Every structure is written in structure tokens, then in C-alpha cells.
Amino acid sequence: MNKHIVESPYYSKSFDGAIFDGPFRIYFAQYQEQVGLELYHYLSKNMSSLTNQVRTLNKKFKRNIYIFTYTSDENKKKYQPKNHQGRIFLVPFQSHYILGLSQQDFMKNKLCLQSYLEFIRENWSLSQSLLEKNSYLPTI
């Protein structure tokens, strides 16, 4: 059964703003629009080689990376997986990926974000059944 992203247990009702660019789907609260734009700019300018590789892979595999930008660390704790203690979390959703972070995570851990995106790029071709097993995902 295909679920919509808003039915994911990681989706917050506070996400009322979004930026879509190819496989990248950045969600944020409207009052955090500046953070969403900074994240989009960072992906576009500072990680353009990596994001272009993901776009190329996406032509074949048709997957998305949903980047959920929570309003605070406390808000993120309500949605992140119980067994995940990292600042930024990565989980599969159907054949896609969800990357969850707070505004503070993004400001402090831009290299960590890059590491997660590199991991996604390297594993883009995994089958949906392997994605759903979730055991291979890193905790950075």
C-alpha cells in the first residue's frame, strides 16, 4: 500500500512550507522559510556535484529525498525513531529516504548533512525491500 508522505510517522503538521527541486523535497514551518532557503542554497551551491549526481541517479530510480526541517531539537525528538540518538536521522519511506534535522542541526552540522547525502547517493540503487529492512542505515 502506497502512503503519502504526510502519513509518515516522521511528518510534522507544522510543515506548511516546502521547496521541491528534482528529487529533493525540503519541508519546514512557514516561519522558518529562511532556514529552508538556506538549506536549499547550501545544497545547490556548496554540494552541487553531489546533488547533480543524485539527480542523474533519480532519472533511473525515481526516488525522493524528503528533508524534514523541524522547528527545534525538542520538536524533532517527537518524530525521530526511538532507537536513533543521532542529531540528524535517516530512515527509508517506501522507496524514498527521509532525512530529519532541526534548524540547530543544520547550522552546526553541515558536513554531517553532506555525509548522509553521500551515503544516500552510494545506496540509491538498493531495492525497496532492502530499504525497508532499515538495518544498514548509518548513525552519524
# chains A, B, ... in the order shown; residues from 1 in each chain; ligands from 1

$ select_by_dssp --residues "region 89-133 of chain A" --states "strand (DSSP E or B)" --output "PyMOL selection string"
chain A and resi 89-93+96-102

$ write_last_selection --atoms "C-alpha atoms" --output "mmCIF file, in the first residue's frame"
data_model
loop_
_atom_site.group_PDB
_atom_site.id
_atom_site.type_symbol
_atom_site.label_atom_id
_atom_site.label_comp_id
_atom_site.auth_asym_id
_atom_site.auth_seq_id
_atom_site.Cartn_x
_atom_site.Cartn_y
_atom_site.Cartn_z
ATOM 1 C CA PHE A 89 18.236 10.898 11.338
ATOM 2 C CA LEU A 90 17.845 8.956 8.122
ATOM 3 C CA VAL A 91 15.016 6.479 7.518
ATOM 4 C CA PRO A 92 13.524 4.806 4.465
ATOM 5 C CA PHE A 93 9.988 5.626 3.402
ATOM 6 C CA HIS A 96 12.450 7.053 -0.767
ATOM 7 C CA TYR A 97 14.563 8.487 2.049
ATOM 8 C CA ILE A 98 13.591 10.827 4.882
ATOM 9 C CA LEU A 99 16.345 12.938 6.383
ATOM 10 C CA GLY A 100 15.251 14.639 9.604
ATOM 11 C CA LEU A 101 17.050 17.540 11.219
ATOM 12 C CA SER A 102 16.361 20.619 13.282
#

$ residues_around --residues "Phe106 (chain A)" --least-positions-apart "2" --cutoff "10 Å" --atoms "only C-alpha atoms" --output "PyMOL selection string"
chain A and resi 35+38-39+69+87-88+100-104+108-113

$ select_by_dssp --residues "region 17-102 of chain A" --states "alpha helix (DSSP H)" --output "number ranges by chain"
A: 33-41, 48-61, 73-79

$ closest_atom_pairs --of "region 10-62 of chain A" --to "region 114-120 of chain A" --cutoff "12 Å" --atoms "only C-alpha atoms" --output "CSV"
residue,atom,partner,partner_atom,distance
A:Pro23,CA,A:Ile120,CA,11.8
A:Phe24,CA,A:Leu117,CA,10.7
A:Leu39,CA,A:Gln114,CA,11.5
A:Tyr42,CA,A:Gln114,CA,10.0
A:Leu43,CA,A:Gln114,CA,8.8
A:Asn46,CA,A:Gln114,CA,9.6
A:Met47,CA,A:Gln114,CA,7.5
A:Ser48,CA,A:Gln114,CA,10.9
A:Ser49,CA,A:Glu118,CA,10.7
A:Leu50,CA,A:Glu118,CA,7.1
A:Thr51,CA,A:Leu117,CA,8.3
A:Asn52,CA,A:Leu117,CA,11.6
A:Gln53,CA,A:Glu118,CA,9.8
A:Val54,CA,A:Ile120,CA,8.4
A:Arg55,CA,A:Ile120,CA,11.9
A:Leu57,CA,A:Ile120,CA,10.7
A:Asn58,CA,A:Ile120,CA,11.4

$ residues_around --residues "Tyr70 (chain A)" --least-positions-apart "2" --cutoff "9 Å" --atoms "only C-alpha atoms" --output "ChimeraX atom specification"
/A:12,14-15,27-29,68,72-76,100-103
